[in-house]
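**Q** Take a look at the following structure, please.
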Protein chains: 4
Amino acid sequence: MIRRVSSFVFRVSLPVLLVALGGTAETHKYTPKKEDLKYTFATAAPVLKLKPGDTLETWTERADGNTLQKPGDWFPPGRRPNPQTGPFYIEGAEPGDTLVIHLISVEPAADVAVGYAGPGFGALTATRYTPMLDKPFEPRVWFYRVDKQARTVEFAALDSDFRAKLPLKPFLGCLGVAPAADEARATIVPEFFGGNMDTPEVRAGTTVYLPVNAAGALLYLGDGHAVQGEGEIAGTAAEIQMNVVLQVDLIKGLRIGAPRLEDDTYLMAAGSYRPLEDAMRIASRELIQWLTEDYGLSAMDAYELLSVAMESNVSQIVDPNFTVLVKIKKDYLPPKKR
Amino acid sequence: MIRRVSSFVFRVSLPVLLVALGGTAETHKYTPKKEDLKYTFATAAPVLKLKPGDTLETWTERADGNTLQKPGDWFPPGRRPNPQTGPFYIEGAEPGDTLVIHLISVEPAADVAVGYAGPGFGALTATRYTPMLDKPFEPRVWFYRVDKQARTVEFAALDSDFRAKLPLKPFLGCLGVAPAADEARATIVPEFFGGNMDTPEVRAGTTVYLPVNAAGALLYLGDGHAVQGEGEIAGTAAEIQMNVVLQVDLIKGLRIGAPRLEDDTYLMAAGSYRPLEDAMRIASRELIQWLTEDYGLSAMDAYELLSVAMESNVSQIVDPNFTVLVKIKKDYLPPKKR
Amino acid sequence: MIRRVSSFVFRVSLPVLLVALGGTAETHKYTPKKEDLKYTFATAAPVLKLKPGDTLETWTERADGNTLQKPGDWFPPGRRPNPQTGPFYIEGAEPGDTLVIHLISVEPAADVAVGYAGPGFGALTATRYTPMLDKPFEPRVWFYRVDKQARTVEFAALDSDFRAKLPLKPFLGCLGVAPAADEARATIVPEFFGGNMDTPEVRAGTTVYLPVNAAGALLYLGDGHAVQGEGEIAGTAAEIQMNVVLQVDLIKGLRIGAPRLEDDTYLMAAGSYRPLEDAMRIASRELIQWLTEDYGLSAMDAYELLSVAMESNVSQIVDPNFTVLVKIKKDYLPPKKR
Amino acid sequence: MIRRVSSFVFRVSLPVLLVALGGTAETHKYTPKKEDLKYTFATAAPVLKLKPGDTLETWTERADGNTLQKPGDWFPPGRRPNPQTGPFYIEGAEPGDTLVIHLISVEPAADVAVGYAGPGFGALTATRYTPMLDKPFEPRVWFYRVDKQARTVEFAALDSDFRAKLPLKPFLGCLGVAPAADEARATIVPEFFGGNMDTPEVRAGTTVYLPVNAAGALLYLGDGHAVQGEGEIAGTAAEIQMNVVLQVDLIKGLRIGAPRLEDDTYLMAAGSYRPLEDAMRIASRELIQWLTEDYGLSAMDAYELLSVAMESNVSQIVDPNFTVLVKIKKDYLPPKKR
C-alpha cells in the first residue's frame with residue numbers, strides 16, 4: 001500500500017526540479033544485510049548514492065535488533081539499540097543546504113511488534129543520566145499483534161487478561177543525517193541533525209527537512225514504530241520492522257537550525273535537548289524563524305500567533321536528549337513568499 | 001449557550017448523590033466586584049458556600065485586570081496578574097478528599113480579547129527565573145476580535161496587514177484550590193493544587209478533579225482564554241472575561257496527587273513543575289496511578305500502555321512552574337472498577 | 001561563645017545608624033514555645049518588634065521538631081518540617097527596602113544532631129517532584145555526637161562500625177522573610193525571599209541581605225545544622241537546635257532581586273529555583289548587579305571577572321527549589337562606591 | 001617547574017607497576033603541529049603510543065586557536081573551538097578498564113591569556129540550546145597578563161581603568177578519551193568520557209580516572225586555563241597555551257561510570273549533563289559508588305556521609321553539557337580496602 005505523496009510537496013520541490021533537470025529521477029531499492037546496519041549517525045561510507053528527486057524503497061530493522069522473541073527474553077550486556085539503514089549519500093548536498101525527505105510510505109514489514117521496559121531507560125526509572133539509589137523494577141516485555149488489514153495494533157497486558165486494539169499509526173523513530181562538527185552520535189540520540197526523535201509525525205505524508213552538515217548529507221533511517229504514545233514513557237513504542245518509500249530533495253543554500261516537518265495541514269519543528277523546556281524553546285524558535293523567512297511575519301507577530309495557535313506534543317522523554325514537536329496550521333498563515 | 005454536562009459525569013457522581021441526599025442541589029449566581037477579586041490561591045474567607053451537587057454561575061475578569069485598552073498601553077509597576085473569582089467553600093470537603101468540578105459552560109463575556117508580550121515573561125525572553133544579560137524586546141499588545149456567533153477569534157498582525165481567524169476555543173487558564181501546607185501562591189502559579197495551568201482542556205465538557213488541602217477546598221477560577229496555543233509561548237493567550245457555569249461534586253476519602261481531568265473521550269492528568277520533564281513525570285505518574293486504582297491495570301501494564309497510547313501537550317512554559325497535560329482514550333482501557 | 005561581628009559590617013551600617021539615631025539600640029531575648037513555631041514564611045503576626053540596630057538573642061528548634069529520638073523512629077504522616085522562630089517585625093521596613101541581618105553567633109543548643117533519609121526526599125530517590133516507578137529504600141536515621149569544646153560532629157555509620165569526626169560548622173538552614181505578592185511558602189522552600197536555602201555560608205560572621213516584601217519584613221529563622229555537605233544530598237544535614245545572636249539593619253530604598261551575603265572575604269549571592277542552572281543564573285545575575293551598582297564595573301566587565309574569579313557551590317538539590325551560592329573575593333574588586 | 005607527583009599516587013599504581021614490569025617506563029615528548037590538532041574526542045589514529053607507567057611531556061594550543069590577538073578581533077564563521085593534543089594510545093587499555101592520568105605539571109606556555117564573551121555562548125545569553133528572541137550583546141575580548149614568577153593573572157576591565165591580580169591556578173579545561181558506542185564528540189563537549197569539563201581541579205597534583213571505551217583509551221588534552229571561575233559563566237576562562245607533564249597508568253577490569261579525580265586531600269567525581277541537577281546526581285552517585293567499592297561503606301552510609309561532608313562546585317554552565325564536581329576529604333573515610 002503505497003500512499004501518494006501529498007499535494008503540498010510539489011509546492012516545495014521547485015529546487016529539486018531544477019537540480020534534477022540534469023538527469024532523470026530514479027527509484028532505488030536497497031535492503032541492508034545485518035552487517036550493513038549502522039549504530040551511529042556519522043560521516044561514514046554511504047551504502048548508496050541518490051540524486052535529488054530520486055525515490056528510495058528500503059527496509060528498517062527493529063530497534064531491539066530482533067533480539068526479543070518470547071516472554072522472558074532480555075538483552076545481553078553491551079547490546080546496541082536502534083540499528084539504522086544507510087547512510088544514503090545525496091548528490092550535490094553540502095553543508096549549509098537543507099535535505100528534504102518526502103515520506104511516501106512507512107508500512108510494517110512484520111506482524112508482531114515488541115515493547116520493553118527495564119532498568120536504566122524510561123521516563124519513570126533511574127537512568128545513567130538521572131541516577132538514583134532506589135531499586136529498579138524487573139525488565140518486562142510486551143508483544144503486540146499488528147493487523148495491517150484492520151490497521152490495528154493489539155496491546156496485551158501481562159498482569160491481567162486485558163487486551164486493547166490501538167490504531168496502527170506507523171512511523172520512523174529515527175530519521176537523521178550526519179551531525180555537524182564531525183560528530184558521530186549513537187543512534188539512540190536525537191539532536192539538531194534529527195536522529196532518534198521518536199516523533200509520530202515522521203510518517204507517510206510528511207516531508208522532513210534536515211540541515212546538511214556533511215557532503216552528501218548522509219541520510220539514516222530506522223526504529224520503526226507501529227504506534228507510539230507521545231512521550232514514549234516506558235522507553236519503547238510498538239517496535240517493528242518497516243518497509244519505507246521516500247523521495248529525497250534538496251534546497252541549496254537554506255540553512256535551518258533544527259528539523260522542520262510539513263504535511264498538508266501543518267508546519268512543524270522538532271527540538272531535541274535537555275531540559276525539556278529547552279527542547280521546546282529550540283522547536284518554537286525554529287518555527288518562528290520559518291514563519292519570518294517564508295511567510296513574511298515579523299518575529300514578534302510570529303511569536304504572538306504561535307502563542308495563541310501553536311500545537312505541541314512531547315514526542316519522548318526517554319532518550320539522551322528529549323524531543324518536543326510544535327506545529328501551526330497552514331490555514332492560519334499568510335501566503336508563502338517563496 | 002449552556003452546554004449539557006457530558007454523560008460520563010453521572011457515572012462518577014455517585015458520591016455526590018449520596019452527599020446531596022441531605023439537601024436539594026441549588027444553583028448559585030455570583031459576580032465579583034473589583035474589590036472581591038483575589039490574587040492568591042490561599043486559605044481565605046469564602047465568598048460563597050456550595051454544597052456538592054450545586055451549580056455555580058459566575059464571571060471571571062481578564063488576566064490583565066482589563067488594563068490594556070488600546071495600542072501602546074502597558075502595565076504600571078507592581079501590577080498583579082490573573083485576578084480570580086472566589087474562593088468558593090464546598091461543604092463537607094476536607095483534606096484527603098477530591099473536589100470534582102464539572103465545567104458546563106465557559107463562554108466569553110466580551111467581544112475583544114488581548115494578548116501581550118514584554119520583558120520578563122514569555123518562553124523566549126529572559127525572566128527573573130532565567131535571567132540573562134541580553135537586551136529585551138519592547139512590549140507589544142495585540143487585540144483580538146471575538147465573534148461568538150461565528151465561533152472565531154481574529155488575530156491581527158502588528159507589523160504587517162495580515163489577519164487570521166482562529167477557532168474560538170474558550171477555557172479557564174486558572175482553576176485551583178487552596179494549596180497544601182497552608183501555602184498561599186500568587187495566581188500566576190500552577191502546581192499540585194491546580195491554579196494557573198493554562199491547559200486548554202479545562203473547558204466546557206471537562207470534569208476537573210483537584211486534591212482538597214483545606215476545609216471547604218476553596219475553589220478559585222479565572223484567567224479565561226478565548227483561544228490559546230499549547231505552550232502559550234509569548235506569555236499570554238487571547239485573554240478575555242468569561243461567563244462560567246459549573247457544578248461541584250466531592251469524592252470523600254480519595255487523595256489524588258495532581259490535577260486529573262476527564263471528558264467523554266479521555267482520562268487526563270496535569271503536571272506543573274520545573275524542569276518541564278519533571279512536570280511530565282508528575283502527570284504521567286498520576287495517570288498511571290489512576291489506571292491502577294480505578295481500572296485494575298498493574299503499574300507496569302499501565303506504564304507500557306501509556307508508552308504506546310498516551311497523548312501529551314505542553315500547556316505552557318511561561319509561568320513560575322511549567323505544565324504538561326497527558327491523556328489516554330477511555331476506549332483503550334478496561335472497564336472501570338469503581 | 002559570642003563571636004564579634006566582623007569589621008566590614010560597620011562599613012555597610014550607615015543607614016542603620018541614621019535610622020537608629022531616633023532611639024537606642026536594644027538587645028531582645030526571645031525563646032519560642034512549641035506553639036509559637038511557624039511552618040510557613042508568610043505575612044503573619046509578629047512575635048516581636050525590632051528596630052534597625054537592635055540585637056536579637058533567640059533559639060531555633062530542630063528541623064524534625066525533635067521527633068526522632070532513637071534508632072527506628074520515623075515520622076507520622078502529615079508531619080511538618082522545619083519549624084521556624086519568628087516572625088520578627090523590623091520597624092520602618094517597607095517593600096522596596098533591603099533587610100540586613102548580621103549573624104553574630106550561631107551555636108548548637110544540644111549535644112546530639114540527627115540526619116535522616118527516606119522515601120520522597122533526597123537527591124537520589126524519587127520525590128513528588130521527580131516521581132518514578134522504582135522501589136524506594138527504607139528510611140534510615142543517623143545520630144551525631146556534637147562536641148562544642150572540640151568543635152567536632154561525629155558521624156557513625158549504621159552498617160559498619162566506622163566513625164568519623166567532622167568539623168563543627170554551625171549555620172542556619174533557614175533564614176527568610178515574608179515572600180512577595182502575599183505568598184505564603186512552606187518552610188521547606190527557598191526562593192527569592194531566602195528561606196530554606198541550606199547554604200552553609202549563612203553562619204556567624206556573615207551578613208545576609210534579603211529583599212523586603214511586606215511591612216516589617218517579617219524575619220524567620222530555623223533549621224540549624226551542625227555541619228552540612230554542599231548539596232545536602234540525602235535530604236538532611238546534622239540537624240540540631242541552635243542559639244542564635246543576630247543584629248538587624250535596614251537599607252532604605254535598595255531593591256535587591258535575590259539574597260546577597262557578605263563576610264570579611266566575600267560578596268555572595270544565592271539563587272534558588274529549578275532547574276539548577278536557573279538557580280545559578282539567578283545567583284550570578286544578582287552578583288553582577290551588585291558589582292555594577294556598588295563597585296562601578298560595567299555589566300560586561302563584571303561578567304568576565306566572575307567568569308575567571310567566581311567561586312560556587314551547590315548548597316542543596318533536595319528542596320522544592322534548588323540553591324546555588326556564588327561568591328567573589330572582595331580583594332579582586334574596585335573600591336566600593338557607596 | 002615540574003612539581004612532583006603527590007604521594008598517594010603510588011598507593012593506586014600497583015596495577016601499573018605490574019603491567020609495567022614487562023618493560024621500562026619511558027618519557028615521551030610530543031609537540032603537535034597545527035595540522036595535528038584535533039576537534040573531536042573520537043576513535044582516531046593515535047599520534048603516539050604510551051605504556052602504562054610512561055610519562056608524557058606535551059603542549060596544548062589555546063582554545064581560540066590563537067585567533068584573538070588584539071582588541072576588536074573576533075571569530076570567522078565556522079571556527080572550531082578547543083583544539084586538542086592527541087590522541088595518545090595507551091597500550092593494553094581495553095573497554096571496561098580505567099585509564100589513570102597523573103597530572104604532574106600544567107604550566108602556562110605564554111604570557112598572555114584571553115577571555116571572550118559573545119552571542120551564542122555563555123550562561124547569561126541566549127544560545128542554540130536555550131534560544132531567545134532578545135537582542136544579544138556585542139562580542140568583547142579581554143587580554144590577561146600572566147606572570148609565572150609572581151603566579152598572577154591580571155584582569156583589566158574594558159569599560160573602566162580597573163585592574164585586578166588573580167592568582168595563577170593553571171589547569172586543563174579538556175581531558176578526555178574516546179567516547180563509548182563509537183561516538184565522536186566535538187571538543188566543546190564534556191560527558192561521561194571526560195572532555196571539556198572545565199573543572200579547575202584538573203590540575204598538577206591531581207590524578208584523573210577515565211573510563212576506557214575504546215582500544216588504547218585514546219587520550220586527548222587541551223583548553224588550558226590560567227585561572228577560571230567556578231561556572232565559567234561568560235563562556236571562557238583566561239585561555240592560554242600550556243606545557244603539560246603527565247604520567248599514564250591503567251587499572252584493568254575496573255569499570256567506572258564517570259570521571260573520578262583524586263589528590264592528596266580529596267576523592268572527587270565529575271558529572272556532566274543537563275539539566276545541572278542531573279550532572280550533580282551523576283557526580284554524587286559516582287562518588288557513592290567509589291566509597292562503597294573501595295572504602296567498604298554501605299551505599300546508605302555513604303549517602304549520609306556525603307550529605308554532611310561533601311563539597312561541590314559548578315565547574316561550568318556554558319558547554320553543551322554542564323559540569324558539577326563533588327568531593328570528600330579522605331580524612332573522613334575508612335581505610336581503603338584495595
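By convention in this document, the chains of the C-alpha cells carry letters A, B, ... by their order, each chain's residues are numbered from 1, and ligands are numbered from 1 in the order they are shown.
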Counting only C-alpha atoms, which residues in chain A sit no more than 8 Å from chain B? For each one, give the nearest pair of atoms and the distance in Å, sorted by chain then residue number, as a Markdown table.

**A**
| residue | atom | partner | partner_atom | distance |
| --- | --- | --- | --- | --- |
| A:Gly115 | CA | B:Glu304 | CA | 7.5 |
| A:Tyr116 | CA | B:Glu304 | CA | 7.8 |
| A:Ala117 | CA | B:Glu304 | CA | 7.6 |
| A:Ala123 | CA | B:Arg281 | CA | 6.8 |
| A:Leu124 | CA | B:Arg281 | CA | 6.7 |
| A:Phe155 | CA | B:Leu305 | CA | 7.3 |
| A:Ala157 | CA | B:Asp301 | CA | 5.6 |
| A:Leu158 | CA | B:Asp301 | CA | 6.5 |
| A:Asp159 | CA | B:Ser298 | CA | 6.2 |
| A:Ser160 | CA | B:Leu297 | CA | 7.1 |
| A:Phe162 | CA | B:Pro334 | CA | 6.6 |
| A:Ala164 | CA | B:Tyr332 | CA | 5.5 |
| A:Lys165 | CA | B:Tyr332 | CA | 7.0 |
| A:Leu166 | CA | B:Tyr332 | CA | 7.0 |
| A:Val227 | CA | B:Val308 | CA | 6.0 |
| A:Gln228 | CA | B:Val308 | CA | 4.1 |
| A:Gly229 | CA | B:Val308 | CA | 4.1 |
| A:Glu230 | CA | B:Glu311 | CA | 4.9 |
| A:Gly231 | CA | B:Ser307 | CA | 6.8 |
| A:Glu232 | CA | B:Ser307 | CA | 4.4 |
| A:Ile233 | CA | B:Ser307 | CA | 4.9 |
| A:Ala234 | CA | B:Ser307 | CA | 5.3 |
| A:Gly235 | CA | B:Ser307 | CA | 7.3 |
| A:Thr236 | CA | B:Ser307 | CA | 6.8 |
| A:Ala237 | CA | B:Val308 | CA | 5.2 |
| A:Ala238 | CA | B:Val308 | CA | 6.5 |
| A:Pro275 | CA | B:Pro275 | CA | 6.3 |
| A:Leu276 | CA | B:Leu276 | CA | 5.3 |
| A:Glu277 | CA | B:Leu276 | CA | 5.4 |
| A:Arg281 | CA | B:Leu124 | CA | 6.7 |
| A:Ser284 | CA | B:Ile233 | CA | 8.0 |
| A:Arg285 | CA | B:Leu124 | CA | 7.7 |
| A:Leu297 | CA | B:Ser160 | CA | 7.1 |
| A:Ser298 | CA | B:Asp159 | CA | 6.2 |
| A:Asp301 | CA | B:Ala157 | CA | 5.6 |
| A:Tyr303 | CA | B:Ala234 | CA | 6.0 |
| A:Glu304 | CA | B:Ala234 | CA | 5.8 |
| A:Leu305 | CA | B:Phe155 | CA | 7.3 |
| A:Leu306 | CA | B:Gly229 | CA | 6.2 |
| A:Ser307 | CA | B:Glu232 | CA | 4.4 |
| A:Val308 | CA | B:Gln228 | CA | 4.1 |
| A:Ala309 | CA | B:Gly229 | CA | 4.2 |
| A:Met310 | CA | B:Gly229 | CA | 4.3 |
| A:Glu311 | CA | B:Glu230 | CA | 4.9 |
| A:Ser312 | CA | B:Asn313 | CA | 5.2 |
| A:Asn313 | CA | B:Asn313 | CA | 4.3 |
| A:Val314 | CA | B:Ser312 | CA | 6.0 |
| A:Ile317 | CA | B:Glu277 | CA | 6.9 |
| A:Tyr332 | CA | B:Ala164 | CA | 5.5 |
| A:Leu333 | CA | B:Ala164 | CA | 7.1 |
| A:Pro334 | CA | B:Phe162 | CA | 6.6 |

**Q** Would you mind exporting the chosen residues as a PDB file, in the first residue's frame, restricted to C-alpha atoms?

**A**
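again-v7.pdb, freshly written:
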ATOM      1  CA  GLY A 115       7.723  -3.156  23.670  1.00  0.00           C
ATOM      2  CA  TYR A 116      10.039  -3.440  26.649  1.00  0.00           C
ATOM      3  CA  ALA A 117      10.792  -1.633  29.888  1.00  0.00           C
ATOM      4  CA  ALA A 123      10.921   8.236  31.989  1.00  0.00           C
ATOM      5  CA  LEU A 124       9.953   6.830  35.384  1.00  0.00           C
ATOM      6  CA  PHE A 155      -1.823  -4.466  23.354  1.00  0.00           C
ATOM      7  CA  ALA A 157      -1.499  -6.779  29.462  1.00  0.00           C
ATOM      8  CA  LEU A 158       0.987  -9.037  31.231  1.00  0.00           C
ATOM      9  CA  ASP A 159      -0.561  -8.946  34.696  1.00  0.00           C
ATOM     10  CA  SER A 160      -4.226  -9.308  33.786  1.00  0.00           C
ATOM     11  CA  PHE A 162      -6.870  -7.214  29.366  1.00  0.00           C
ATOM     12  CA  ALA A 164      -6.858  -3.332  23.700  1.00  0.00           C
ATOM     13  CA  LYS A 165      -6.780  -2.593  19.994  1.00  0.00           C
ATOM     14  CA  LEU A 166      -4.922   0.584  19.186  1.00  0.00           C
ATOM     15  CA  VAL A 227       2.223   3.019  17.176  1.00  0.00           C
ATOM     16  CA  GLN A 228       3.697   5.172  19.933  1.00  0.00           C
ATOM     17  CA  GLY A 229       2.402   7.320  22.719  1.00  0.00           C
ATOM     18  CA  GLU A 230       3.528  10.948  22.896  1.00  0.00           C
ATOM     19  CA  GLY A 231       6.290  10.733  25.461  1.00  0.00           C
ATOM     20  CA  GLU A 232       7.177   7.076  24.885  1.00  0.00           C
ATOM     21  CA  ILE A 233       7.415   6.986  28.638  1.00  0.00           C
ATOM     22  CA  ALA A 234       8.394   3.362  29.169  1.00  0.00           C
ATOM     23  CA  GLY A 235      11.290   3.831  26.751  1.00  0.00           C
ATOM     24  CA  THR A 236       9.911   1.994  23.734  1.00  0.00           C
ATOM     25  CA  ALA A 237       6.921   2.023  21.405  1.00  0.00           C
ATOM     26  CA  ALA A 238       5.454  -0.942  19.499  1.00  0.00           C
ATOM     27  CA  PRO A 275      15.986  20.056  29.910  1.00  0.00           C
ATOM     28  CA  LEU A 276      12.685  19.609  28.109  1.00  0.00           C
ATOM     29  CA  GLU A 277      11.871  23.337  28.193  1.00  0.00           C
ATOM     30  CA  ARG A 281      12.441  26.664  23.108  1.00  0.00           C
ATOM     31  CA  SER A 284       9.448  27.186  18.931  1.00  0.00           C
ATOM     32  CA  ARG A 285      12.348  29.417  17.905  1.00  0.00           C
ATOM     33  CA  LEU A 297       5.604  37.729   9.551  1.00  0.00           C
ATOM     34  CA  SER A 298       7.739  39.776  11.899  1.00  0.00           C
ATOM     35  CA  ASP A 301       3.914  38.698  15.261  1.00  0.00           C
ATOM     36  CA  TYR A 303       5.683  34.767  18.459  1.00  0.00           C
ATOM     37  CA  GLU A 304       2.209  36.034  19.297  1.00  0.00           C
ATOM     38  CA  LEU A 305       0.481  33.963  16.635  1.00  0.00           C
ATOM     39  CA  LEU A 306       2.144  30.808  17.936  1.00  0.00           C
ATOM     40  CA  SER A 307       1.204  31.816  21.466  1.00  0.00           C
ATOM     41  CA  VAL A 308      -2.464  31.587  20.508  1.00  0.00           C
ATOM     42  CA  ALA A 309      -2.430  28.931  17.777  1.00  0.00           C
ATOM     43  CA  MET A 310       0.503  26.551  18.202  1.00  0.00           C
ATOM     44  CA  GLU A 311       0.017  22.874  18.970  1.00  0.00           C
ATOM     45  CA  SER A 312       2.649  20.830  20.747  1.00  0.00           C
ATOM     46  CA  ASN A 313       3.475  17.389  21.983  1.00  0.00           C
ATOM     47  CA  VAL A 314       6.280  15.822  23.914  1.00  0.00           C
ATOM     48  CA  ILE A 317      11.382  11.979  27.370  1.00  0.00           C
ATOM     49  CA  TYR A 332      -3.586  30.391   9.906  1.00  0.00           C
ATOM     50  CA  LEU A 333      -0.640  31.716   7.912  1.00  0.00           C
ATOM     51  CA  PRO A 334      -0.152  34.344   5.227  1.00  0.00           C
TER      52      PRO A 334
END

**Q** Based on the backbone DSSP call, show me all residues of segment 105-237 of chain A assigned strand (DSSP E or B), as a PyMOL selection string.

**A** chain A and resi 105-108+112-118+120-121+127+135+140-147+152-156+163-167+171-176+184-186+190-191+194-195+207-211+219-225+231

**Q** So which residues touch segment 240-246 of chain B within 6 Å, counting only C-alpha atoms, skipping near sequence neighbours fewer than 3 positions away, as a list of chain:residue names?

**A**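 Residues meeting the cut-off are B:Thr55, B:Leu56, B:Glu57, B:Thr58, B:Trp59, B:Thr60, B:Glu61, B:Arg62, B:His102, B:Leu103, B:Ile104, B:Ser105, B:Val106, B:Glu107, B:Pro108, B:Ala109, B:Ala113, B:Gly224, B:His225.
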
**Q** Please provide as number ranges by chain all residues within 9 Å of Arg128 of chain B, with the sequence filter that same-chain residues fewer than 3 positions apart are discarded (counting only C-alpha atoms).

**A** B: 120-121, 131-132; C: 257, 282

**Q** Neighbouring residues of Gln84 of chain D were defined as those with any atom within 7 Å, considering only C-alpha atoms; residues of the same chain fewer than 2 positions away were excluded. Please report them as a list in words.

**A** Leu37, Lys38, Tyr39, Thr60, Asn82, Gly86, Tyr220, Leu221 and Gly222 of chain D

**Q** Can you check which residues of segment 177-310 of chain A DSSP gives as alpha helix (DSSP H) on the backbone and send them as JSON, numbers by chain?

**A** {"A": [276, 277, 278, 279, 280, 281, 282, 283, 284, 285, 286, 287, 288, 289, 290, 291, 292, 293, 294, 295, 299, 300, 301, 302, 303, 304, 305, 306, 307, 308, 309]}

**Q** Write out, as a short mmCIF file (atom, residue, chain, number, x, y, z; two decimals), in the first residue's frame, the residues just selected, with N, CA and C atoms.

**A**
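Final output, saved to result_1.cif:
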data_model
loop_
_atom_site.label_atom_id
_atom_site.label_comp_id
_atom_site.auth_asym_id
_atom_site.auth_seq_id
_atom_site.Cartn_x
_atom_site.Cartn_y
_atom_site.Cartn_z
N LEU A 276 13.74 19.65 29.12
CA LEU A 276 12.69 19.61 28.11
C LEU A 276 12.23 21.00 27.69
N GLU A 277 12.30 21.98 28.60
CA GLU A 277 11.87 23.34 28.19
C GLU A 277 12.81 23.89 27.13
N ASP A 278 14.07 23.50 27.18
CA ASP A 278 14.98 23.97 26.14
C ASP A 278 14.67 23.30 24.80
N ALA A 279 14.27 22.04 24.83
CA ALA A 279 13.82 21.38 23.59
C ALA A 279 12.66 22.17 22.99
N MET A 280 11.76 22.61 23.86
CA MET A 280 10.60 23.36 23.36
C MET A 280 11.00 24.75 22.89
N ARG A 281 11.95 25.37 23.59
CA ARG A 281 12.44 26.66 23.11
C ARG A 281 13.07 26.51 21.72
N ILE A 282 13.85 25.48 21.53
CA ILE A 282 14.50 25.24 20.24
C ILE A 282 13.46 25.07 19.13
N ALA A 283 12.46 24.25 19.41
CA ALA A 283 11.42 23.99 18.40
C ALA A 283 10.63 25.26 18.10
N SER A 284 10.26 25.98 19.13
CA SER A 284 9.45 27.19 18.93
C SER A 284 10.24 28.26 18.18
N ARG A 285 11.51 28.40 18.57
CA ARG A 285 12.35 29.42 17.90
C ARG A 285 12.52 29.09 16.42
N GLU A 286 12.64 27.79 16.11
CA GLU A 286 12.80 27.37 14.72
C GLU A 286 11.54 27.65 13.92
N LEU A 287 10.40 27.41 14.55
CA LEU A 287 9.14 27.65 13.85
C LEU A 287 8.93 29.15 13.60
N ILE A 288 9.30 29.98 14.57
CA ILE A 288 9.24 31.43 14.36
C ILE A 288 10.14 31.82 13.18
N GLN A 289 11.33 31.24 13.15
CA GLN A 289 12.27 31.53 12.07
C GLN A 289 11.65 31.22 10.71
N TRP A 290 10.99 30.07 10.65
CA TRP A 290 10.35 29.64 9.41
C TRP A 290 9.27 30.65 9.00
N LEU A 291 8.46 31.06 9.97
CA LEU A 291 7.36 31.98 9.66
C LEU A 291 7.88 33.35 9.21
N THR A 292 9.00 33.76 9.77
CA THR A 292 9.53 35.07 9.34
C THR A 292 10.19 34.97 7.97
N GLU A 293 10.91 33.90 7.72
CA GLU A 293 11.64 33.78 6.44
C GLU A 293 10.70 33.53 5.26
N ASP A 294 9.77 32.62 5.45
CA ASP A 294 8.98 32.16 4.30
C ASP A 294 7.59 32.77 4.24
N TYR A 295 7.10 33.33 5.36
CA TYR A 295 5.72 33.79 5.37
C TYR A 295 5.60 35.28 5.68
N ALA A 299 9.09 38.75 13.62
CA ALA A 299 9.35 37.76 14.68
C ALA A 299 8.34 37.91 15.81
N MET A 300 8.01 39.16 16.17
CA MET A 300 7.07 39.34 17.28
C MET A 300 5.66 38.90 16.90
N ASP A 301 5.23 39.18 15.69
CA ASP A 301 3.91 38.70 15.26
C ASP A 301 3.88 37.16 15.21
N ALA A 302 4.95 36.58 14.75
CA ALA A 302 5.00 35.11 14.72
C ALA A 302 4.95 34.53 16.14
N TYR A 303 5.66 35.18 17.04
CA TYR A 303 5.68 34.77 18.46
C TYR A 303 4.26 34.79 19.03
N GLU A 304 3.57 35.90 18.78
CA GLU A 304 2.21 36.03 19.30
C GLU A 304 1.24 35.04 18.63
N LEU A 305 1.38 34.88 17.33
CA LEU A 305 0.48 33.96 16.63
C LEU A 305 0.67 32.54 17.17
N LEU A 306 1.91 32.14 17.38
CA LEU A 306 2.14 30.81 17.94
C LEU A 306 1.62 30.72 19.37
N SER A 307 1.67 31.82 20.08
CA SER A 307 1.20 31.82 21.47
C SER A 307 -0.29 31.53 21.56
N VAL A 308 -1.02 31.87 20.49
CA VAL A 308 -2.46 31.59 20.51
C VAL A 308 -2.87 30.41 19.63
N ALA A 309 -1.98 29.93 18.76
CA ALA A 309 -2.43 28.93 17.78
C ALA A 309 -1.53 27.72 17.65
#

**Q** Could you list, as a VMD selection string, every residue within 6 Å of Ala178 of chain A, counting only C-alpha atoms and ignoring same-chain residues fewer than 2 positions away?

**A** chain A and resid 41 to 43 218

**Q** What does the file look like for those residues with C-alpha atoms, as a short mmCIF file (atom, residue, chain, number, x, y, z; two decimals), in the first residue's frame?

**A**
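Result file follows (again.cif):
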data_model
loop_
_atom_site.label_atom_id
_atom_site.label_comp_id
_atom_site.auth_asym_id
_atom_site.auth_seq_id
_atom_site.Cartn_x
_atom_site.Cartn_y
_atom_site.Cartn_z
CA PHE A 41 24.79 8.87 12.91
CA ALA A 42 28.13 9.82 11.44
CA THR A 43 30.12 10.78 8.41
CA LEU A 218 24.27 11.05 4.67
#

**Q** Any idea what's packed within 7 Å of Asp263 of chain A, counting only C-alpha atoms, ignoring anything in its chain fewer than 3 positions away? Could you give it as a list in words?

**A**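 Final neighbour list, sorted by chain and number: Gly205, Thr206, Thr207, Tyr266 and Leu267 of chain A.
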
**Q** Would you compute the distance between atom CA of His28 of chain D and atom CA of Met268 of chain D? Give it in Å to one decimal.

**A**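 According to the coordinates, atom CA of His28 of chain D and atom CA of Met268 of chain D are separated by 28.3 Å.
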